[in-house]
Structures are given as structure tokens and as C-alpha cells.
>>> print(open('protein10.cif').read())   # mmCIF, C-alpha atoms
data_start
loop_
_atom_site.label_atom_id
_atom_site.label_comp_id
_atom_site.auth_asym_id
_atom_site.auth_seq_id
_atom_site.Cartn_x
_atom_site.Cartn_y
_atom_site.Cartn_z
CA MET A 2 66.21 -21.27 -75.20
CA GLN A 3 63.98 -20.44 -72.22
CA ASP A 4 60.97 -18.39 -73.23
CA LYS A 5 60.19 -15.05 -71.64
CA ASP A 6 57.50 -16.44 -69.32
CA ASP A 7 59.90 -19.07 -67.98
CA LEU A 8 62.49 -16.39 -67.24
CA GLU A 9 59.96 -14.22 -65.44
CA LEU A 10 58.67 -17.16 -63.45
CA GLU A 11 62.22 -17.92 -62.42
CA ALA A 12 62.27 -14.57 -60.55
CA PHE A 13 59.40 -15.88 -58.39
CA PHE A 14 61.15 -19.17 -57.75
CA ASP A 15 64.34 -17.28 -56.82
CA ALA A 16 62.33 -15.20 -54.35
CA ALA A 17 60.83 -18.37 -52.84
CA ARG A 18 64.28 -19.92 -52.36
CA GLN A 19 65.58 -16.68 -50.85
CA HIS A 20 62.73 -16.55 -48.33
CA ALA A 21 62.65 -20.22 -47.35
CA PRO A 22 61.49 -20.43 -43.71
CA ASP A 23 64.27 -20.73 -41.13
CA LEU A 24 64.11 -23.63 -38.73
CA PRO A 25 62.85 -22.09 -35.47
CA VAL A 26 64.97 -22.89 -32.42
CA ALA A 27 61.95 -24.24 -30.52
CA LEU A 28 61.14 -26.67 -33.36
CA ARG A 29 64.77 -27.79 -33.60
CA ASP A 30 64.77 -28.48 -29.87
CA ARG A 31 61.55 -30.51 -30.09
CA ILE A 32 62.98 -32.61 -32.94
CA ILE A 33 66.16 -33.31 -30.97
CA VAL A 34 64.19 -34.22 -27.85
CA ASP A 35 62.19 -36.66 -30.02
CA ALA A 36 65.48 -38.09 -31.30
CA ALA A 37 66.76 -38.64 -27.76
CA ALA A 38 63.54 -40.41 -26.80
CA ALA A 39 63.61 -42.58 -29.92
CA MET A 40 67.32 -43.41 -29.78
CA PRO A 41 67.82 -47.15 -29.32
CA PRO A 42 69.57 -48.02 -26.01
CA PRO A 43 73.15 -49.23 -26.45
CA SER A 44 72.90 -53.00 -26.64
CA LEU A 45 75.33 -55.57 -25.21
CA GLY A 46 76.15 -56.25 -28.84
CA SER A 47 77.19 -52.67 -29.49
CA ARG A 48 79.28 -52.54 -26.27
CA TRP A 49 81.03 -55.72 -27.41
CA THR A 50 81.61 -54.13 -30.84
CA GLN A 51 83.24 -51.10 -29.23
CA PHE A 52 85.46 -53.37 -27.04
CA ARG A 53 86.41 -55.47 -30.05
CA ASP A 54 87.32 -52.40 -32.10
CA LEU A 55 89.41 -51.09 -29.18
CA LEU A 56 91.56 -54.27 -29.32
CA GLY A 57 92.08 -53.94 -33.05
CA GLY A 58 89.25 -56.04 -34.38
CA TRP A 59 89.08 -59.81 -34.69
CA TYR A 60 92.84 -60.16 -35.46
CA GLY A 61 93.68 -58.28 -32.28
CA ILE A 62 91.36 -60.40 -30.18
CA SER A 63 92.69 -63.65 -31.62
CA GLY A 64 96.26 -62.51 -30.87
CA VAL A 65 95.44 -61.64 -27.28
CA ALA A 66 93.60 -64.90 -26.78
CA THR A 67 96.44 -66.93 -28.28
CA ALA A 68 99.05 -65.19 -26.14
CA GLY A 69 96.98 -65.83 -23.06
CA LEU A 70 96.57 -69.52 -23.79
CA VAL A 71 100.27 -70.00 -24.55
CA GLY A 72 101.21 -68.26 -21.34
CA LEU A 73 98.88 -70.47 -19.36
CA TRP A 74 100.28 -73.61 -21.04
CA ILE A 75 103.90 -72.65 -20.31
CA GLY A 76 103.08 -71.96 -16.71
CA VAL A 77 101.21 -75.21 -16.14
CA ALA A 78 103.27 -77.62 -18.25
CA PRO A 79 106.48 -76.08 -19.57
CA PRO A 80 108.39 -77.98 -22.30
CA SER A 81 111.23 -80.10 -20.86
CA ASP A 82 113.99 -78.18 -22.63
CA ALA A 83 112.64 -74.82 -21.71
CA MET A 84 114.32 -72.94 -18.91
CA ASP A 85 112.22 -72.96 -15.83
CA PRO A 86 111.42 -69.27 -15.49
CA LEU A 87 111.34 -69.66 -11.71
CA ALA A 88 114.83 -71.12 -11.63
CA ILE A 89 116.33 -67.67 -11.98
CA PHE A 90 115.49 -67.06 -8.35
CA GLU A 91 117.19 -70.26 -7.20
CA THR A 92 120.47 -70.05 -9.10
CA GLU A 93 123.33 -71.90 -7.39
CA VAL A 94 126.82 -70.87 -8.26
CA SER A 95 129.25 -73.71 -7.63
CA LEU A 96 132.60 -72.86 -6.01
CA ASP A 97 134.37 -74.67 -8.82
CA MET A 98 132.83 -72.43 -11.42
CA PHE A 99 133.76 -69.39 -9.36
CA SER A 100 137.41 -70.39 -8.95
CA ASP A 101 137.65 -71.18 -12.68
CA SER A 102 136.47 -67.67 -13.39
CA LEU A 103 139.08 -66.13 -11.10
CA ALA A 104 141.80 -68.11 -12.81
CA LEU A 105 140.67 -66.89 -16.18
CA MET A 106 140.77 -63.30 -14.96
CA GLU A 107 144.36 -63.73 -13.74
CA VAL A 108 145.42 -65.02 -17.16
CA ILE A 109 143.82 -62.05 -18.82
CA GLU A 110 145.60 -59.59 -16.48
CA ASP A 111 148.97 -61.24 -17.19
CA ASP A 112 148.44 -60.84 -20.91
CA VAL A 113 147.61 -57.18 -20.51
CA MET B 26 80.41 -33.82 -51.28
CA GLN B 27 78.21 -36.91 -51.33
CA THR B 28 75.56 -35.70 -48.90
CA GLY B 29 73.25 -38.66 -49.55
CA GLY B 30 75.84 -41.13 -48.32
CA ASP B 31 76.71 -38.85 -45.44
CA ASP B 32 73.06 -38.78 -44.33
CA ALA B 33 72.89 -42.57 -44.29
CA VAL B 34 76.12 -42.78 -42.27
CA LEU B 35 74.78 -40.22 -39.79
CA LEU B 36 71.53 -42.13 -39.48
CA GLN B 37 73.38 -45.34 -38.71
CA ARG B 38 75.49 -43.51 -36.13
CA PHE B 39 72.30 -42.16 -34.55
CA ALA B 40 70.94 -45.73 -34.40
CA SER B 41 74.14 -46.70 -32.55
CA GLY B 42 73.52 -44.05 -29.90
CA ASP B 43 75.36 -41.02 -31.31
CA ALA B 44 73.47 -37.93 -30.16
CA ALA B 45 75.65 -35.58 -32.22
CA ALA B 46 74.51 -37.42 -35.36
CA ALA B 47 70.89 -36.55 -34.49
CA ARG B 48 71.76 -32.85 -34.23
CA LEU B 49 73.62 -32.89 -37.55
CA LEU B 50 70.77 -34.68 -39.32
CA THR B 51 68.25 -32.24 -37.86
CA ASP B 52 70.22 -29.24 -39.14
CA ARG B 53 70.64 -30.80 -42.59
CA LEU B 54 67.21 -32.23 -43.22
CA ALA B 55 64.59 -30.46 -41.09
CA PRO B 56 64.80 -27.07 -42.89
CA ARG B 57 64.06 -28.79 -46.21
CA CYS B 58 61.07 -30.60 -44.71
CA LEU B 59 59.80 -27.33 -43.31
CA ALA B 60 60.19 -25.53 -46.64
CA VAL B 61 58.28 -28.21 -48.57
CA ALA B 62 55.54 -28.47 -45.93
CA PHE B 63 55.12 -24.69 -45.80
CA ARG B 64 54.80 -24.44 -49.59
CA MET B 65 52.24 -27.20 -49.63
CA LEU B 66 50.14 -26.17 -46.66
CA GLY B 67 50.62 -22.40 -46.58
CA GLU B 68 50.55 -22.32 -42.77
CA ARG B 69 53.74 -22.13 -40.72
CA ALA B 70 52.31 -23.81 -37.57
CA GLU B 71 51.03 -26.79 -39.55
CA ALA B 72 54.26 -26.98 -41.52
CA GLU B 73 56.19 -27.17 -38.23
CA ASP B 74 53.94 -29.99 -36.99
CA ILE B 75 54.50 -31.92 -40.21
CA THR B 76 58.27 -31.38 -39.97
CA GLN B 77 58.41 -32.69 -36.41
CA GLU B 78 56.25 -35.69 -37.35
CA ALA B 79 58.39 -36.51 -40.41
CA MET B 80 61.63 -36.31 -38.42
CA LEU B 81 60.13 -38.55 -35.71
CA LYS B 82 59.39 -41.17 -38.37
CA LEU B 83 63.02 -40.89 -39.46
CA TRP B 84 64.31 -41.48 -35.90
CA LYS B 85 62.06 -44.53 -35.57
CA ILE B 86 63.15 -46.11 -38.83
CA ALA B 87 66.87 -45.51 -38.16
CA PRO B 88 67.62 -48.94 -36.64
CA ASP B 89 66.13 -50.60 -39.73
CA TRP B 90 67.71 -48.30 -42.32
CA THR B 91 69.69 -50.28 -44.86
CA GLU B 92 71.71 -49.22 -47.86
CA THR B 93 68.94 -50.12 -50.29
CA GLY B 94 69.85 -47.38 -52.73
CA ALA B 95 67.20 -44.95 -51.45
CA GLN B 96 68.58 -41.68 -50.17
CA VAL B 97 67.57 -40.51 -46.72
CA SER B 98 66.52 -37.12 -48.11
CA THR B 99 64.32 -38.72 -50.79
CA TRP B 100 62.64 -40.91 -48.19
CA LEU B 101 62.08 -37.91 -45.94
CA HIS B 102 60.66 -35.82 -48.79
CA GLN B 103 58.24 -38.64 -49.55
CA VAL B 104 57.12 -38.85 -45.93
CA THR B 105 56.70 -35.06 -45.76
CA VAL B 106 54.66 -34.93 -48.98
CA ASN B 107 52.41 -37.78 -47.84
CA LEU B 108 51.84 -36.19 -44.43
CA CYS B 109 50.94 -32.90 -46.13
CA ARG B 110 48.53 -34.64 -48.49
CA ASP B 111 46.84 -36.35 -45.56
CA ARG B 112 46.55 -33.04 -43.74
CA LEU B 113 45.10 -31.32 -46.82
CA ARG B 114 42.55 -34.08 -47.27
CA LYS B 115 41.45 -33.80 -43.67
CA SER B 116 41.10 -30.05 -43.75
CA ALA B 117 39.78 -29.99 -47.37
CA ARG B 118 41.20 -26.54 -47.60
CA ASN B 119 41.54 -25.11 -51.08
CA GLY B 120 43.57 -22.08 -50.33
CA PRO B 121 46.01 -20.60 -47.85
CA ALA B 122 44.88 -19.52 -44.41
CA LEU B 123 44.07 -15.85 -44.05
CA ASP B 124 47.25 -15.06 -42.16
CA ASP B 125 49.32 -16.25 -45.11
CA VAL B 126 47.55 -14.30 -47.84
CA ALA B 127 49.87 -11.79 -49.44
CA GLU B 128 49.31 -8.19 -48.45
CA PRO B 129 48.48 -5.94 -51.37
CA ALA B 130 51.63 -4.89 -53.13
CA ASP B 131 52.85 -1.45 -52.18
CA PRO B 132 52.50 0.59 -55.37
CA ALA B 133 54.83 3.32 -54.05
CA PRO B 134 57.63 3.95 -56.49
CA GLY B 135 61.15 2.99 -55.36
CA ALA B 136 60.10 -0.07 -53.26
CA ASP B 137 63.38 -1.70 -52.30
CA VAL B 138 64.57 -4.90 -53.90
CA GLN B 139 64.14 -6.95 -50.73
CA MET B 140 60.52 -5.86 -50.30
CA GLN B 141 59.89 -6.67 -53.95
CA SER B 142 61.38 -10.12 -53.45
CA LYS B 143 59.14 -10.73 -50.42
CA GLN B 144 56.11 -9.64 -52.39
CA ARG B 145 56.97 -12.06 -55.21
CA ASP B 146 57.42 -14.85 -52.68
CA ALA B 147 54.04 -14.12 -51.13
CA ALA B 148 52.38 -13.86 -54.54
CA LEU B 149 53.90 -17.20 -55.56
CA GLN B 150 52.64 -18.82 -52.35
CA THR B 151 49.11 -17.62 -53.08
CA ALA B 152 49.31 -18.74 -56.71
CA LEU B 153 50.64 -22.19 -55.73
CA HIS B 154 47.50 -22.77 -53.71
CA GLN B 155 45.39 -22.20 -56.76
CA LEU B 156 47.04 -25.19 -58.47
CA PRO B 157 45.78 -28.75 -58.22
CA GLU B 158 47.63 -30.54 -55.42
CA ARG B 159 49.84 -32.76 -57.61
CA GLN B 160 50.92 -29.86 -59.84
CA ARG B 161 51.72 -27.83 -56.73
CA ILE B 162 53.86 -30.63 -55.26
CA ALA B 163 55.70 -31.19 -58.55
CA VAL B 164 56.44 -27.48 -59.07
CA VAL B 165 57.59 -27.00 -55.45
CA LEU B 166 59.93 -29.99 -55.56
CA ARG B 167 61.29 -29.19 -59.03
CA HIS B 168 61.54 -25.40 -59.16
CA ILE B 169 61.90 -24.37 -55.52
CA GLU B 170 63.60 -27.35 -53.90
CA GLY B 171 65.65 -28.09 -57.03
CA LEU B 172 65.12 -31.85 -57.12
CA GLY B 173 65.59 -33.75 -60.37
CA ASN B 174 62.68 -35.37 -62.19
CA PRO B 175 63.80 -38.95 -61.38
CA GLU B 176 63.89 -38.17 -57.67
CA ILE B 177 60.47 -36.48 -57.82
CA ALA B 178 59.13 -39.52 -59.67
CA GLU B 179 60.39 -41.72 -56.82
CA ILE B 180 58.82 -39.45 -54.18
CA LEU B 181 55.44 -39.29 -55.92
CA GLU B 182 55.61 -42.90 -57.14
CA ILE B 183 54.87 -41.90 -60.72
CA SER B 184 56.84 -41.98 -63.97
CA VAL B 185 59.37 -39.33 -64.96
CA GLU B 186 57.12 -38.43 -67.91
CA ALA B 187 54.24 -37.83 -65.52
CA VAL B 188 56.47 -35.52 -63.44
CA GLU B 189 57.42 -33.54 -66.57
CA SER B 190 53.76 -33.20 -67.49
CA LEU B 191 52.80 -32.04 -63.99
CA THR B 192 55.56 -29.42 -63.79
CA ALA B 193 54.84 -28.12 -67.31
CA ARG B 194 51.12 -27.71 -66.59
CA GLY B 195 51.86 -26.22 -63.18
CA LYS B 196 54.23 -23.63 -64.60
CA ARG B 197 51.77 -22.62 -67.31
CA ALA B 198 49.06 -22.09 -64.69
CA LEU B 199 51.44 -20.10 -62.45
CA ALA B 200 52.55 -17.93 -65.35
CA LYS B 201 48.93 -17.10 -66.15
CA ILE B 202 48.22 -16.09 -62.52
CA LEU B 203 51.45 -14.27 -61.67
CA LEU B 204 52.38 -12.53 -64.86
CA ALA B 205 49.04 -10.77 -64.88
CA GLN B 206 50.37 -9.00 -61.76
CA ARG B 207 53.56 -7.81 -63.45
CA GLU B 208 53.04 -4.17 -62.71
CA GLU B 209 52.09 -4.60 -59.03
CA LEU B 210 55.10 -6.84 -58.49
CA GLY B 211 57.54 -4.51 -60.14
CA MET B 212 58.27 -6.82 -62.99
CA ALA B 213 57.39 -4.31 -65.68
CA GLN B 214 60.52 -2.33 -64.67
CA ASP B 215 62.67 -5.50 -64.66
CA ALA B 216 61.52 -6.34 -68.16
CA GLY B 217 62.32 -2.83 -69.41
#
>>> encode(input="protein10.cif", output="C-alpha cells")
Amino acid sequence: MQDKDDLELEAFFDAARQHAPDLPVALRDRIIVDAAAAMPPPSLGSRWTQFRDLLGGWYGISGVATAGLVGLWIGVAPPSDAMDPLAIFETEVSLDMFSDSLALMEVIEDDV
Amino acid sequence: MQTGGDDAVLLQRFASGDAAAARLLTDRLAPRCLAVAFRMLGERAEAEDITQEAMLKLWKIAPDWTETGAQVSTWLHQVTVNLCRDRLRKSARNGPALDDVAEPADPAPGADVQMQSKQRDAALQTALHQLPERQRIAVVLRHIEGLGNPEIAEILEISVEAVESLTARGKRALAKILLAQREELGMAQDAG
């Protein structure tokens, strides 16, 4: 149990806590100006870290890099059984194929 | 809320160039520095100088701050206390400056509660400066700033037992000085 002197002293400590000095605006400003002057400049490392995080970290970067390499490989040396993506612009429709299609359509109309 | 961990995160953000983190840290930590420095030195202008100097040391150490287990606030308290001790040694002042000496208590009956509280605060400030430096520091950190004995031990680089001894002796000395002024400080009516 606190003795009487301790309890009375506590009133003084309460008063001290109640009247703690406020941080003056001018002092706050000086401290923040000091912070700005002392702040380390953003390094190339930190810019890279921000870029990396934007892409989703190391997994994201590895995915982007892999996709880029695969795309380059397909463009330069496509697999033999892969459709030439440029062939779509050079499609030749043979007359035989066209006439076969017309015949098929006539059969379908007769059935209907 | 784990403020200690928050302070460390803010400090690391400051070190990465986050200006908002500096403002948040200033608002959280600088008032506590100022309070401790003022209690130790008794002069507001000097306490403000110490606060600015301590915060500058914090900004400079930010890039090297690691999660070593030390709390930012504990480190800052230690820096503040050491700066105050250096200042006291240089000035070799034994008491508060004249502008911080408490005005005589107003004996008029019916003094309001707020005025009474201010008088007690001023009387405590004067009494603190009659204590040996280490007792003053221990009492300020323990009974005004509310720090635990282990944290004070870390700040003063002494054992917990030594902190307990300093605060006990400091309180006994304060009681002797202050409680003799019971009547002037309106404490006789509180006790009644």
C-alpha cells in the first residue's frame, strides 16, 4: 500500500505531466528542416526496388523476362510445326476448296 | 498499438526518402525529448536546443538503424539525457535559471485548481534541481515520463537495482522538500 508521502508526491508528478511543455511550432519546423537536409538521396538501388515492386517482385520480373525471351525466340526461329503467325496475311483459298464448300451448302439446304 | 515497432518502421521509411515519416516521427518523439530536457535543465531555450540536436542525431543514424532490439524512443531518451548531462557539466549550474524559479505561491483563499496545479509543477521543478543529477534523471524518467525500470537502466547504462535505488532516494529527498510546503501549495486542504 502506497504511503501517504508517496500519494502526496504523486500530485506533483501529475501536475508535471499535465504541464509538459508543448512543442513550439518554430522548433518543429527547425527539426523538420534538419530532417530534409539529412535525408539520404534516393539511390539507384532504391529506384530499382520501387520498379521491381511495381512489377510484382522477383516472380513478376522473372515472368516478364521469360515471356520476352520466348517471344523473341518464336519470332526469330519458330518451331517447324508452329503456324507461321505472318501466314495469316497471305492466306490463299483454292478454288477447289471454295467449290467444295458451295456443294456442301447445297446439300444442307436440300435437307432443310 | 506497438509504437516502438512503428517508430522503427517510420525511421526506415524516412531513410528511404519519405518526408511524411519525418513529420510523424517529429510529432511523436520530439515532445518527449523536450519534456525530459526541460526537467533536467530547467530552461526552455536550452531544452529546445537539446531537442533539436537529439532529433538531428536521429536523422543521421536513420540509414544505419537496424532491428537490434533497441527501441527508437529508448535510444532517443539516452541521447537526450547524455546531451543534457554534457550541457550541465559545461555550465556547472546547480539550480534553475532565474526565469524558471517558481513565483511565490498565492496564499489567497480559493485559488483555482489549475493555478494550484501550475504552482505544484513549478515547485517540483525547483525541487528537482536540488537533487543530485542521477537521482533527478531517474525520478524524471520514472515518475514523470512513466518509463519502466528496465528501460531506464538501459538509458543510464546501470542495473535495474541501481535505478530503483536512485528513484527511491530521489523521491525521499523530494518529499522532504515539497511536503514542507503543503500549506502554500494547497495540499493541506486536499489532505483534509
>>> residues_around(input="protein10.cif", residues="segment 34-40 of chain A", least_positions_apart="3", cutoff="8 Å", atoms="all atoms listed in the file", output="list in words")
Asp30 and Arg31 of chain A; Phe39, Ala40, Gly42, Ala44, Ala47, Leu81, Trp84 and Lys85 of chain B
>>> residues_around(input="protein10.cif", residues="Glu71 of chain B", least_positions_apart="2", cutoff="12 Å", atoms="only C-alpha atoms", output="MDAnalysis selection string")
(chainID A and resid 28) or (chainID B and resid 58:69 73:78 105 108:109 112:113 116 121:122)
>>> residues_near_point(input="protein10.cif", point="(63.7, -17.1, -47.7)", cutoff="12 Å", atoms="only C-alpha atoms", output="list in words")
Phe13, Phe14, Asp15, Ala16, Ala17, Arg18, Gln19, His20, Ala21, Pro22, Asp23 and Leu24 of chain A; Pro56, Arg57, Leu59, Ala60, Phe63, Arg64, Gln139, Met140, Ser142, Lys143, Gln144, Arg145, Asp146, Ala147, Ile169 and Glu170 of chain B
>>> write_last_selection(input="protein10.cif", atoms="C-alpha atoms", output="compact mmCIF listing (two decimals), keeping the file's coordinate frame")
# COMPACT_ATOMS: atom_id res chain seq x y z
CA PHE A 13 59.40 -15.88 -58.39
CA PHE A 14 61.15 -19.17 -57.75
CA ASP A 15 64.34 -17.28 -56.82
CA ALA A 16 62.33 -15.20 -54.35
CA ALA A 17 60.83 -18.37 -52.84
CA ARG A 18 64.28 -19.92 -52.36
CA GLN A 19 65.58 -16.68 -50.85
CA HIS A 20 62.73 -16.55 -48.33
CA ALA A 21 62.65 -20.22 -47.35
CA PRO A 22 61.49 -20.43 -43.71
CA ASP A 23 64.27 -20.73 -41.13
CA LEU A 24 64.11 -23.63 -38.73
CA PRO B 56 64.80 -27.07 -42.89
CA ARG B 57 64.06 -28.79 -46.21
CA LEU B 59 59.80 -27.33 -43.31
CA ALA B 60 60.19 -25.53 -46.64
CA PHE B 63 55.12 -24.69 -45.80
CA ARG B 64 54.80 -24.44 -49.59
CA GLN B 139 64.14 -6.95 -50.73
CA MET B 140 60.52 -5.86 -50.30
CA SER B 142 61.38 -10.12 -53.45
CA LYS B 143 59.14 -10.73 -50.42
CA GLN B 144 56.11 -9.64 -52.39
CA ARG B 145 56.97 -12.06 -55.21
CA ASP B 146 57.42 -14.85 -52.68
CA ALA B 147 54.04 -14.12 -51.13
CA ILE B 169 61.90 -24.37 -55.52
CA GLU B 170 63.60 -27.35 -53.90
>>> atom_distance(input="protein10.cif", atom1="atom CA of Gln103 of chain B", atom2="atom CA of Glu182 of chain B")
9.1 Å
>>> resolve_selection(input="protein10.cif", expression="the PyMOL selection byres ((chain B and resi 203) around 8)", output="compact mmCIF listing (two decimals) with C-alpha atoms, in the coordinates of the input")
# COMPACT_ATOMS: atom_id res chain seq x y z
CA LEU A 10 58.67 -17.16 -63.45
CA ALA B 148 52.38 -13.86 -54.54
CA LEU B 149 53.90 -17.20 -55.56
CA ALA B 152 49.31 -18.74 -56.71
CA LEU B 199 51.44 -20.10 -62.45
CA ALA B 200 52.55 -17.93 -65.35
CA LYS B 201 48.93 -17.10 -66.15
CA ILE B 202 48.22 -16.09 -62.52
CA LEU B 204 52.38 -12.53 -64.86
CA ALA B 205 49.04 -10.77 -64.88
CA GLN B 206 50.37 -9.00 -61.76
CA ARG B 207 53.56 -7.81 -63.45
>>> atom_distance(input="protein10.cif", atom1="atom CA of Asn174 of chain B", atom2="atom CA of Val188 of chain B")
6.3 Å
>>> atom_distance(input="protein10.cif", atom1="atom CA of Lys82 of chain B", atom2="atom CA of Gln160 of chain B")
25.7 Å
>>> residues_around(input="protein10.cif", residues="Ser98 of chain B", least_positions_apart="5", cutoff="12 Å", atoms="only C-alpha atoms", output="NGL selection string")
:B and (28-33 or 36 or 50-51 or 53-58 or 79-80 or 83 or 103-105 or 170 or 172 or 176-177 or 179-180)
>>> closest_residue(input="protein10.cif", among="B:Val164, B:Ala187, B:Arg114, B:Asn107", to="chain A", atoms="only C-alpha atoms")
B:Val164
>>> axis_aligned_box(input="protein10.cif", around="segment 11-24 of chain A", padding_each_side="3 Å", output="JSON")
{"center_x": 62.5, "center_y": -19.1, "center_z": -50.6, "size_x": 12.2, "size_y": 15.1, "size_z": 29.7}
>>> closest_residue(input="protein10.cif", among="B:Ala178, B:Leu35, B:Ile86, B:Ala117", to="chain A", atoms="all atoms listed in the file")
B:Ile86
